[in-house]
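Structure file upload_12.cif (mmCIF, C-alpha atoms and all ligand atoms) is printed below.
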data_run
#
loop_
_atom_site.label_atom_id
_atom_site.label_comp_id
_atom_site.auth_asym_id
_atom_site.auth_seq_id
_atom_site.Cartn_x
_atom_site.Cartn_y
_atom_site.Cartn_z
CA MET A 12 0.00 0.00 0.00
CA ASN A 13 1.44 3.40 -0.87
CA LYS A 14 1.24 6.32 1.57
CA ARG A 15 -1.76 7.99 -0.09
CA GLU A 16 -3.79 4.79 -0.02
CA PHE A 17 -2.81 4.26 3.59
CA ILE A 18 -3.96 7.72 4.64
CA LYS A 19 -7.21 7.20 2.75
CA ARG A 20 -7.82 3.90 4.54
CA ILE A 21 -7.15 5.38 7.91
CA ALA A 22 -9.42 8.31 7.12
CA LEU A 23 -12.18 6.00 5.96
CA ALA A 24 -11.82 3.81 8.97
CA GLY A 25 -11.51 6.73 11.28
CA LEU A 26 -12.70 10.17 11.06
CA THR A 27 -14.31 11.39 7.90
CA ALA A 28 -17.80 10.82 6.63
CA PRO A 29 -18.87 7.85 8.69
CA SER A 30 -21.84 6.46 6.84
CA PHE A 31 -24.62 5.82 9.39
CA ALA A 32 -26.73 5.10 6.32
CA ARG A 33 -29.44 3.34 8.29
CA LEU A 34 -29.77 6.18 10.78
CA GLN A 35 -29.81 8.80 8.05
CA ALA A 36 -32.69 7.01 6.32
CA GLN A 37 -34.64 6.93 9.59
CA LEU A 38 -34.07 10.63 10.18
CA ARG A 39 -34.97 11.93 6.73
CA PRO A 40 -38.78 11.94 7.20
CA VAL A 41 -38.57 13.80 10.53
CA GLU A 42 -36.02 16.44 9.57
CA ASN A 43 -38.31 19.38 10.39
CA VAL A 44 -40.13 17.94 13.38
CA PRO A 45 -39.39 19.93 16.58
CA PRO A 46 -37.71 18.00 19.42
CA GLU A 47 -40.69 18.18 21.82
CA THR A 48 -43.03 16.77 19.13
CA LEU A 49 -40.60 14.07 18.05
CA ALA A 50 -40.09 13.07 21.69
CA LYS A 51 -43.65 11.64 21.69
CA ASP A 52 -43.35 9.86 18.33
CA ASN A 53 -42.94 6.27 19.52
CA ASP A 54 -42.85 4.90 15.96
CA PHE A 55 -39.80 7.00 15.19
CA TRP A 56 -38.01 5.93 18.38
CA SER A 57 -38.80 2.28 17.72
CA LYS A 58 -36.80 2.66 14.49
CA ILE A 59 -33.89 4.08 16.52
CA ARG A 60 -34.30 1.09 18.86
CA SER A 61 -33.94 -1.29 15.92
CA GLY A 62 -30.40 0.04 15.45
CA TYR A 63 -29.38 -1.54 18.78
CA ARG A 64 -28.77 -5.18 19.65
CA LEU A 65 -30.76 -5.59 22.87
CA LYS A 66 -30.83 -8.63 25.11
CA PRO A 67 -34.33 -10.11 25.19
CA ASP A 68 -33.81 -11.51 28.72
CA TYR A 69 -34.61 -8.28 30.57
CA ILE A 70 -35.62 -4.65 30.17
CA ASN A 71 -32.42 -2.63 30.50
CA LEU A 72 -33.11 0.46 32.62
CA GLU A 73 -29.46 0.85 33.69
CA SER A 74 -27.86 3.01 31.00
CA GLY A 75 -26.26 5.19 33.70
CA PHE A 76 -23.28 2.89 34.19
CA TYR A 77 -22.58 2.19 30.54
CA SER A 78 -24.81 3.18 27.63
CA ILE A 79 -24.39 0.44 25.07
CA GLN A 80 -23.35 1.49 21.57
CA PRO A 81 -25.76 1.36 18.64
CA GLU A 82 -24.73 -1.30 16.12
CA GLU A 83 -23.53 1.24 13.55
CA THR A 84 -21.13 2.90 16.02
CA MET A 85 -19.89 -0.49 17.16
CA GLU A 86 -19.17 -1.58 13.58
CA HIS A 87 -16.98 1.50 13.16
CA PHE A 88 -15.27 0.70 16.47
CA ILE A 89 -14.54 -2.88 15.40
CA GLU A 90 -13.16 -1.59 12.11
CA HIS A 91 -10.81 0.74 14.05
CA VAL A 92 -9.62 -2.21 16.15
CA ARG A 93 -8.84 -4.13 12.95
CA GLU A 94 -7.12 -1.22 11.21
CA VAL A 95 -4.95 -0.20 14.15
CA ASN A 96 -3.92 -3.81 14.62
CA TYR A 97 -3.27 -4.21 10.89
CA HIS A 98 -0.92 -1.21 10.76
CA GLY A 99 0.54 -1.81 14.22
CA SER A 100 3.36 0.46 15.34
CA TYR A 101 3.30 2.22 11.98
CA TYR A 102 -0.10 3.63 12.91
CA MET A 103 1.02 4.42 16.46
CA ARG A 104 4.13 6.28 15.29
CA ASN A 105 2.69 8.12 12.29
CA TYR A 106 -1.02 8.73 12.71
CA ARG A 107 -2.16 8.18 16.29
CA LEU A 108 -1.45 11.68 17.56
CA ASP A 109 -2.90 13.51 14.55
CA ASN A 110 -6.07 11.43 14.69
CA LYS A 111 -6.36 11.93 18.44
CA GLN A 112 -6.05 15.67 17.89
CA ARG A 113 -8.87 15.58 15.35
CA VAL A 114 -11.11 13.71 17.77
CA THR A 115 -10.17 16.23 20.47
CA GLU A 116 -11.29 19.02 18.15
CA ALA A 117 -14.61 17.28 17.47
CA LEU A 118 -15.19 16.85 21.21
CA ALA A 119 -14.29 20.48 21.90
CA GLU A 120 -16.77 21.58 19.26
CA MET A 121 -19.53 19.52 20.83
CA ALA A 122 -18.63 20.70 24.36
CA ASP A 123 -18.23 24.31 23.17
CA CYS A 124 -14.72 25.03 24.41
CA SER A 125 -11.31 25.45 22.84
CA ALA A 126 -9.49 22.28 21.72
CA ASP A 127 -6.47 23.67 23.62
CA GLU A 128 -8.44 23.24 26.84
CA LEU A 129 -9.54 19.61 26.42
CA ILE A 130 -7.84 16.23 26.63
CA ILE A 131 -9.19 12.74 26.01
CA THR A 132 -8.97 10.56 29.11
CA ARG A 133 -10.11 7.05 29.96
CA ASN A 134 -13.08 8.10 32.08
CA ALA A 135 -14.49 10.71 34.46
CA THR A 136 -12.53 9.24 37.35
CA GLU A 137 -9.22 9.92 35.63
CA SER A 138 -10.37 13.41 34.60
CA LEU A 139 -11.66 14.50 38.01
CA ASP A 140 -8.97 12.82 40.10
CA THR A 141 -6.28 14.49 37.96
CA ILE A 142 -7.59 17.81 39.25
CA ILE A 143 -8.35 16.79 42.86
CA ALA A 144 -4.87 15.29 43.24
CA GLY A 145 -3.20 17.90 41.06
CA VAL A 146 -4.04 21.10 42.95
CA ASP A 147 -0.99 22.52 44.71
CA TRP A 148 -2.57 21.92 48.14
CA ARG A 149 -1.17 23.44 51.33
CA PRO A 150 -2.04 22.27 54.86
CA GLY A 151 -5.24 23.90 56.06
CA ASP A 152 -6.61 24.54 52.55
CA GLU A 153 -10.29 23.71 52.28
CA ALA A 154 -12.29 21.86 49.65
CA VAL A 155 -16.09 21.89 49.38
CA HIS A 156 -18.17 19.07 47.94
CA ALA A 157 -21.44 17.25 48.64
CA ASN A 158 -22.38 14.03 50.38
CA GLN A 159 -24.29 13.03 47.22
CA ASP A 160 -21.06 13.05 45.17
CA TYR A 161 -19.66 9.92 43.59
CA GLY A 162 -17.58 7.63 45.83
CA ALA A 163 -14.36 7.70 43.78
CA MET A 164 -14.12 11.49 44.01
CA ARG A 165 -15.00 11.56 47.71
CA HIS A 166 -12.25 8.99 48.28
CA MET A 167 -9.75 11.11 46.35
CA PHE A 168 -10.55 14.10 48.56
CA GLU A 169 -10.02 11.83 51.62
CA LEU A 170 -6.64 10.79 50.23
CA VAL A 171 -5.64 14.39 49.62
CA GLU A 172 -6.78 15.21 53.17
CA LYS A 173 -4.44 12.51 54.55
CA ARG A 174 -1.57 13.45 52.29
CA TYR A 175 -1.62 17.27 52.44
CA GLY A 176 -3.68 18.06 55.54
CA ILE A 177 -6.52 19.77 53.74
CA VAL A 178 -9.97 20.15 55.32
CA ARG A 179 -13.08 18.79 53.60
CA LYS A 180 -16.36 20.72 53.97
CA ILE A 181 -19.20 18.43 52.93
CA ILE A 182 -22.65 19.85 52.22
CA GLY A 183 -26.02 18.21 51.59
CA VAL A 184 -27.67 19.23 48.31
CA PRO A 185 -31.35 20.06 49.01
CA PRO A 186 -33.20 17.15 47.30
CA HIS A 187 -36.34 19.11 46.37
CA PRO A 188 -35.21 22.75 46.08
CA GLU A 189 -37.70 25.60 45.78
CA SER A 190 -35.21 27.63 43.76
CA ASP A 191 -31.68 27.57 42.30
CA GLN A 192 -30.69 30.02 45.02
CA GLU A 193 -31.39 27.40 47.69
CA ILE A 194 -28.69 25.18 46.15
CA VAL A 195 -26.25 28.03 45.56
CA ASP A 196 -26.69 29.10 49.20
CA ALA A 197 -25.98 25.55 50.45
CA TYR A 198 -22.59 25.60 48.68
CA ALA A 199 -21.89 29.25 49.59
CA ALA A 200 -22.39 28.52 53.29
CA ALA A 201 -19.46 26.07 53.26
CA ILE A 202 -16.96 28.50 51.69
CA THR A 203 -14.42 30.25 53.92
CA PRO A 204 -11.34 32.36 53.10
CA LYS A 205 -9.36 29.08 53.09
CA THR A 206 -11.46 27.39 50.37
CA ARG A 207 -9.42 26.55 47.26
CA LEU A 208 -11.71 24.23 45.29
CA LEU A 209 -15.42 23.47 45.10
CA MET A 210 -16.49 20.27 43.36
CA VAL A 211 -20.08 19.94 42.19
CA CYS A 212 -21.99 17.38 40.14
CA HIS A 213 -23.61 18.67 36.97
CA ILE A 214 -26.12 15.87 37.53
CA ILE A 215 -26.17 13.77 40.69
CA ASN A 216 -25.84 10.14 39.65
CA ILE A 217 -28.01 8.67 42.43
CA THR A 218 -31.01 10.97 41.89
CA GLY A 219 -30.70 12.51 38.42
CA HIS A 220 -30.81 16.01 39.96
CA ILE A 221 -29.33 18.61 37.55
CA LEU A 222 -27.65 21.45 39.46
CA PRO A 223 -27.44 25.16 38.47
CA ILE A 224 -23.75 25.09 37.61
CA ARG A 225 -23.40 28.59 36.14
CA LYS A 226 -24.93 30.16 39.26
CA ILE A 227 -22.71 28.07 41.54
CA CYS A 228 -19.63 29.09 39.49
CA ASP A 229 -20.57 32.79 39.63
CA MET A 230 -21.02 32.60 43.40
CA ALA A 231 -17.75 30.69 43.93
CA HIS A 232 -15.71 32.91 41.61
CA ALA A 233 -16.98 36.01 43.43
CA LYS A 234 -15.38 34.47 46.54
CA GLY A 235 -12.15 33.57 44.71
CA VAL A 236 -12.86 29.82 44.63
CA GLU A 237 -12.31 27.57 41.60
CA VAL A 238 -14.99 25.09 40.51
CA LEU A 239 -14.49 21.51 39.34
CA VAL A 240 -17.62 20.05 37.70
CA ASP A 241 -18.32 16.32 37.75
CA GLY A 242 -20.18 15.94 34.48
CA ALA A 243 -19.94 12.14 34.27
CA HIS A 244 -23.65 11.87 33.43
CA ALA A 245 -24.22 15.18 31.69
CA PHE A 246 -22.28 15.07 28.42
CA GLY A 247 -24.50 13.52 25.76
CA GLN A 248 -27.55 13.32 28.02
CA PHE A 249 -28.61 16.97 27.78
CA GLU A 250 -27.37 20.05 25.99
CA PHE A 251 -25.01 22.58 27.51
CA SER A 252 -21.93 24.64 26.69
CA ILE A 253 -18.79 24.53 28.80
CA ASN A 254 -18.06 28.14 27.89
CA ASP A 255 -21.50 29.13 29.20
CA LEU A 256 -21.00 27.20 32.45
CA ASP A 257 -17.77 29.19 33.04
CA CYS A 258 -16.34 26.46 35.30
CA ASP A 259 -12.61 26.00 35.85
CA TYR A 260 -12.48 22.25 35.28
CA TYR A 261 -14.95 19.74 33.81
CA GLY A 262 -14.61 15.96 33.74
CA THR A 263 -16.89 13.46 32.05
CA SER A 264 -17.12 9.91 30.76
CA LEU A 265 -18.00 9.28 27.14
CA HIS A 266 -19.06 5.63 27.56
CA LYS A 267 -22.10 6.82 29.48
CA TRP A 268 -24.46 9.16 27.63
CA LEU A 269 -22.45 9.66 24.42
CA SER A 270 -22.48 5.86 23.90
CA ALA A 271 -18.80 5.72 22.99
CA PRO A 272 -16.96 2.41 23.62
CA LEU A 273 -15.92 1.63 27.20
CA GLY A 274 -12.93 3.53 28.53
CA ALA A 275 -13.37 7.05 27.16
CA GLY A 276 -13.73 10.43 28.83
CA PHE A 277 -12.49 13.98 28.67
CA LEU A 278 -11.08 16.65 30.94
CA TYR A 279 -11.55 20.36 30.31
CA VAL A 280 -9.21 22.82 32.03
CA LYS A 281 -9.69 26.56 31.62
CA LYS A 282 -6.58 27.94 29.92
CA LYS A 283 -5.44 30.07 32.86
CA ASN A 284 -5.36 26.98 35.13
CA ILE A 285 -3.40 24.59 32.89
CA GLN A 286 0.04 25.45 34.21
CA LYS A 287 -0.75 25.17 37.89
CA ILE A 288 -2.09 21.58 38.01
CA TRP A 289 0.42 18.83 38.90
CA PRO A 290 0.06 16.06 36.27
CA MET A 291 -0.92 12.55 37.39
CA PHE A 292 1.89 11.18 35.17
CA ALA A 293 4.98 13.21 34.35
CA SER A 294 5.14 14.50 30.79
CA PRO A 295 7.89 16.13 28.75
CA LYS A 296 5.25 18.34 27.08
CA GLU A 297 5.62 22.10 27.18
CA LYS A 298 4.32 23.66 30.39
CA GLU A 299 1.62 25.81 28.86
CA SER A 300 -0.05 22.99 26.87
CA ILE A 301 -2.88 20.93 28.34
CA LYS A 302 -1.11 17.88 26.86
CA ARG A 303 1.17 17.97 29.92
CA LEU A 304 -1.79 16.51 31.86
CA ASN A 305 -2.35 13.74 29.32
CA HIS A 306 0.68 11.45 29.32
CA THR A 307 -1.08 8.19 30.18
CA GLY A 308 1.26 5.84 28.32
CA THR A 309 0.15 3.46 25.57
CA HIS A 310 -3.59 2.90 25.56
CA PRO A 311 -6.31 1.63 23.18
CA ALA A 312 -5.95 4.10 20.29
CA HIS A 313 -8.94 2.53 18.50
CA THR A 314 -11.22 3.69 21.33
CA ASP A 315 -10.12 7.29 20.75
CA LEU A 316 -11.08 6.93 17.08
CA ALA A 317 -14.55 5.58 17.85
CA ILE A 318 -15.37 8.68 19.89
CA ALA A 319 -15.68 10.50 16.56
CA ASN A 320 -18.27 7.95 15.43
CA ALA A 321 -20.21 8.30 18.67
CA ILE A 322 -20.28 12.08 18.17
CA GLU A 323 -21.45 11.57 14.61
CA TYR A 324 -24.31 9.32 15.78
CA HIS A 325 -25.26 11.79 18.53
CA ASN A 326 -25.23 14.77 16.17
CA ARG A 327 -27.28 13.00 13.54
CA ILE A 328 -30.05 12.27 16.05
CA GLY A 329 -29.49 15.74 17.49
CA GLY A 330 -28.71 16.59 21.10
CA ALA A 331 -31.95 18.53 21.59
CA ARG A 332 -34.03 15.63 20.26
CA LYS A 333 -32.26 13.11 22.43
CA GLU A 334 -32.66 15.29 25.51
CA ALA A 335 -36.36 15.84 24.83
CA ARG A 336 -36.99 12.11 24.34
CA LEU A 337 -35.08 11.11 27.48
CA ARG A 338 -36.96 13.68 29.57
CA TYR A 339 -40.26 12.56 28.03
CA ILE A 340 -39.63 8.92 28.97
CA GLN A 341 -38.64 9.85 32.52
CA ASN A 342 -41.67 12.10 33.00
CA HIS A 343 -43.91 9.39 31.55
CA TRP A 344 -43.12 6.99 34.38
CA THR A 345 -42.39 9.42 37.21
CA ASP A 346 -45.67 11.33 36.69
CA GLN A 347 -47.49 8.06 37.39
CA ALA A 348 -45.17 6.86 40.15
CA ARG A 349 -45.45 10.16 42.07
CA LYS A 350 -49.18 9.47 42.49
CA MET A 351 -48.55 6.10 44.19
CA GLY A 352 -48.69 6.49 47.96
CA HIS A 353 -46.24 3.63 48.59
CA VAL A 354 -43.58 5.02 46.20
CA GLU A 355 -41.07 7.74 47.10
CA LEU A 356 -39.35 9.75 44.38
CA PHE A 357 -35.85 11.05 45.12
CA THR A 358 -35.69 13.22 41.98
CA PRO A 359 -36.90 16.85 41.99
CA ARG A 360 -40.41 17.44 40.69
CA ASP A 361 -39.43 20.49 38.55
CA ARG A 362 -39.05 19.12 35.04
CA HIS A 363 -35.98 21.22 34.19
CA ARG A 364 -34.08 19.80 37.19
CA SER A 365 -33.76 16.30 35.69
CA CYS A 366 -33.56 14.51 32.34
CA ALA A 367 -33.22 10.74 31.74
CA ILE A 368 -32.42 9.62 35.29
CA ALA A 369 -34.81 9.34 38.24
CA THR A 370 -34.82 7.27 41.40
CA ALA A 371 -37.81 5.69 43.13
CA GLY A 372 -38.10 3.65 46.30
CA ILE A 373 -40.85 1.47 47.75
CA LYS A 374 -41.52 2.71 51.27
CA GLY A 375 -40.45 0.08 53.81
CA MET A 376 -38.56 -2.05 51.26
CA LYS A 377 -34.78 -2.33 51.15
CA PRO A 378 -33.34 -1.02 47.85
CA ALA A 379 -31.44 -4.29 47.28
CA ASP A 380 -34.71 -6.27 47.67
CA MET A 381 -36.47 -3.85 45.35
CA ALA A 382 -33.81 -4.33 42.64
CA THR A 383 -33.94 -8.11 43.04
CA THR A 384 -37.74 -8.14 42.84
CA LEU A 385 -37.73 -5.91 39.75
CA LEU A 386 -35.28 -8.24 38.04
CA GLU A 387 -36.51 -11.64 39.16
CA LYS A 388 -40.24 -11.03 39.14
CA TYR A 389 -40.60 -8.39 36.41
CA ASN A 390 -37.44 -8.82 34.25
CA ILE A 391 -36.44 -5.20 34.79
CA PHE A 392 -32.74 -4.48 35.31
CA THR A 393 -31.95 -1.42 37.48
CA VAL A 394 -29.47 -0.57 40.23
CA ALA A 395 -30.16 -0.24 43.96
CA ILE A 396 -29.09 3.00 45.67
CA ASP A 397 -28.92 2.94 49.46
CA GLY A 398 -27.14 5.92 50.99
CA SER A 399 -26.84 9.73 51.20
CA GLY A 400 -30.58 9.91 51.96
CA VAL A 401 -31.54 7.95 48.82
CA HIS A 402 -33.17 4.55 49.18
CA GLY A 403 -34.54 3.04 46.00
CA CYS A 404 -33.65 1.98 42.47
CA ARG A 405 -32.13 4.30 39.91
CA ILE A 406 -33.91 4.15 36.57
CA SER A 407 -31.79 5.26 33.63
CA PRO A 408 -33.43 4.64 30.25
CA ASN A 409 -31.94 5.43 26.85
CA VAL A 410 -33.04 6.37 23.34
CA PHE A 411 -33.70 2.67 22.70
CA THR A 412 -36.10 2.41 25.65
CA SER A 413 -39.71 1.95 24.56
CA ILE A 414 -42.79 3.36 26.26
CA GLU A 415 -43.97 -0.24 26.74
CA GLU A 416 -40.83 -0.91 28.77
CA VAL A 417 -41.38 2.00 31.14
CA ASP A 418 -45.06 1.06 31.34
CA ALA A 419 -43.88 -2.36 32.54
CA LEU A 420 -41.92 -0.54 35.24
CA VAL A 421 -44.99 1.47 36.24
CA SER A 422 -47.05 -1.74 36.52
CA ALA A 423 -44.32 -3.38 38.58
CA LEU A 424 -44.12 -0.40 40.95
CA LYS A 425 -47.91 -0.42 41.30
CA SER A 426 -48.03 -4.07 42.25
CA MET A 427 -45.15 -3.74 44.73
CA GLY A 428 -47.33 -1.63 47.07
C1 LIG B 1 -21.28 11.25 39.31
C2 LIG B 1 -20.21 10.33 38.81
N1 LIG B 1 -18.95 10.78 38.76
C3 LIG B 1 -17.96 10.01 38.32
C4 LIG B 1 -18.17 8.73 37.90
C5 LIG B 1 -17.03 7.90 37.43
O1 LIG B 1 -17.19 7.55 36.09
P1 LIG B 1 -16.20 6.46 35.46
O2 LIG B 1 -16.41 5.20 36.23
O3 LIG B 1 -16.65 6.35 34.05
O4 LIG B 1 -14.85 6.98 35.64
C6 LIG B 1 -19.47 8.21 37.92
C7 LIG B 1 -19.74 6.83 37.49
O5 LIG B 1 -20.83 6.33 37.51
C8 LIG B 1 -20.51 9.04 38.40
O6 LIG B 1 -21.77 8.59 38.46
#

What does this structure look like when you write it as structure tokens?
Ligand SMILES: Cc1ncc(COP(=O)(O)O)c(C=O)c1O
Amino acid sequence: MNKREFIKRIALAGLTAPSFARLQAQLRPVENVPPETLAKDNDFWSKIRSGYRLKPDYINLESGFYSIQPEETMEHFIEHVREVNYHGSYYMRNYRLDNKQRVTEALAEMADCSADELIITRNATESLDTIIAGVDWRPGDEAVHANQDYGAMRHMFELVEKRYGIVRKIIGVPPHPESDQEIVDAYAAAITPKTRLLMVCHIINITGHILPIRKICDMAHAKGVEVLVDGAHAFGQFEFSINDLDCDYYGTSLHKWLSAPLGAGFLYVKKKNIQKIWPMFASPKEKESIKRLNHTGTHPAHTDLAIANAIEYHNRIGGARKEARLRYIQNHWTDQARKMGHVELFTPRDRHRSCAIATAGIKGMKPADMATTLLEKYNIFTVAIDGSGVHGCRISPNVFTSIEEVDALVSALKSMG
């Protein structure tokens, strides 16, 4: 193969004009339908569903851990695995970095930030822990976060506390706020002149509660505090712009709501902060480049390539349409569940404070028993949440979830009273 042919093959396998022919055909008739109208069009979404290979054994309402890839994205991914393996070190030495840069640019465009402020990581844990561990902590410095935050990040703050003598200030996010201000005030109350960093979830994974990030950032910045946003569940689930959020750092996973292959995430660092973070792994890269935070060693380069395909799939459906459909499905079941006296909802009632994810418990029933009953008696796969004031099962549907499936959940909840 000569060099031109090689580049063409890599491009075809990688980054330009992925076909998604099947999806395109499904989308053509609904091109001009507004997202809120399309959200209710179950025939359309059943066509999207047909693009997934779904196990018939159970209803999958656990997309929050890992959102499986549609078949068309996965075919591209498998092709990348083949191509990278076929070209071996030649690919790694000659094309890996350029291709990774192009994927970085596509991600930055979707996230609405500069490509110089974003790096591809393996997951949200790597992204967020790079910042928590990388701040130049001094003894007595304070960090603010919430008791509803994800375990891995809470543990990293504990480690940093042991190592550098920092003080953790842990707040409780009001579960059913009357206003954004109530949440902003809860964070503000924990800030002192010693606070260096505030970490906040864009969406709380155990309840699906979406927090007013811009308002929290404005409040924190006015007090001289930097903000790290845990967006593990936000990117690809609902629309937002990192520039509009005005946070200092943002970490997310891409194998959750973007439906990229397992082991993909990104970290955003506002330009002015890039130089002051200690890298997790030492890098020879120039001090002012964000790449200095990205020397992870050799890793699956084919996964990086498939992120571009996942973005392509997402953009073809359209972020606004996906968000509207996910919120529609959630509201469809929670509106009914909220009326059941024996069911408790741990997700705010205000529709704009949640999207796909919501959590419900059966009063008097242990969450683990509830999850087992849902699976064994009703063939519904969920995850039990039992802590931080939340006692129930998290329900996280996806674009492939049918109304019949959430109706089955509603019936199950009804009969568990
Ligand atoms: C809120 C939150 N943050 C961070 C993570 C970590 O994501 P990952 O395991 O992909 O690194 C998760 C995972 O579920 C999460 O829910």

Residues of chain A that approach ligand LIG 1 (chain B) to 6 Å or less, counting only C-alpha atoms and all ligand atoms: could you list each one with the shortest pair of atoms and its distance in Å to one decimal, rows by chain and increasing residue number, as JSON lines?
{"residue": "A:Phe76", "atom": "CA", "partner": "B:LIG1", "partner_atom": "O5", "distance": 5.4}
{"residue": "A:Asn134", "atom": "CA", "partner": "B:LIG1", "partner_atom": "O4", "distance": 4.1}
{"residue": "A:Ala135", "atom": "CA", "partner": "B:LIG1", "partner_atom": "O4", "distance": 3.9}
{"residue": "A:Thr136", "atom": "CA", "partner": "B:LIG1", "partner_atom": "O4", "distance": 3.7}
{"residue": "A:Tyr161", "atom": "CA", "partner": "B:LIG1", "partner_atom": "C1", "distance": 4.8}
{"residue": "A:Ile215", "atom": "CA", "partner": "B:LIG1", "partner_atom": "C1", "distance": 5.7}
{"residue": "A:Asn216", "atom": "CA", "partner": "B:LIG1", "partner_atom": "O6", "distance": 4.5}
{"residue": "A:Asp241", "atom": "CA", "partner": "B:LIG1", "partner_atom": "N1", "distance": 5.7}
{"residue": "A:Ala243", "atom": "CA", "partner": "B:LIG1", "partner_atom": "N1", "distance": 4.8}
{"residue": "A:Ser264", "atom": "CA", "partner": "B:LIG1", "partner_atom": "O3", "distance": 4.9}

One decimal place gives the atom CA of A:Arg107-atom CA of A:Val146 separation as 29.7 Å

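Once A:Met427 and its same-chain neighbours fewer than 2 positions away are set aside, A:His353, A:Val354, A:Ile373, A:Lys374, A:Met376, A:Met381, A:Thr384, A:Leu385, A:Val421, A:Ser422, A:Ala423, A:Leu424, A:Lys425 remain within 10 Å of it when counting all atoms listed in the file.
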
Using 10 Å as the limit and counting all atoms listed in the file, can you tabulate each residue of stretch 31-142 of chain A that touches stretch 287-291 of chain A, with its shortest atom-to-atom distance in Å and the two atoms involved, as CSV?
residue,atom,partner,partner_atom,distance
A:Glu137,CA,A:Met291,CA,8.9
A:Ser138,CA,A:Met291,CA,9.9
A:Asp140,CA,A:Met291,CA,8.5
A:Thr141,CA,A:Met291,CA,5.7
A:Ile142,CA,A:Ile288,CA,6.8

A:Leu118, A:Arg60, A:Gly99, A:Pro45 ranked by distance to A:Pro311, top pick (using all atoms listed in the file) | A:Gly99

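Between A:Ile340 and the residues A:Ala275, A:Val394, A:Leu356, A:Cys366, the shortest atom-to-atom distance, using all atoms listed in the file, involves A:Cys366.
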
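Each of A:Glu169, A:Glu116, A:Asp259, A:Asp127 was compared to A:Val236 using all atoms listed in the file, and A:Asp259 turns out to be the nearest.
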
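What separates atom CA of A:Ser57 from atom CA of A:Lys333 is a distance of 13.5 Å.
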
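Across A:Met230, A:Ala367, A:Val44, A:Ile70, the tightest approach to A:Asp418 is made by A:Ile70 when counting all atoms listed in the file.
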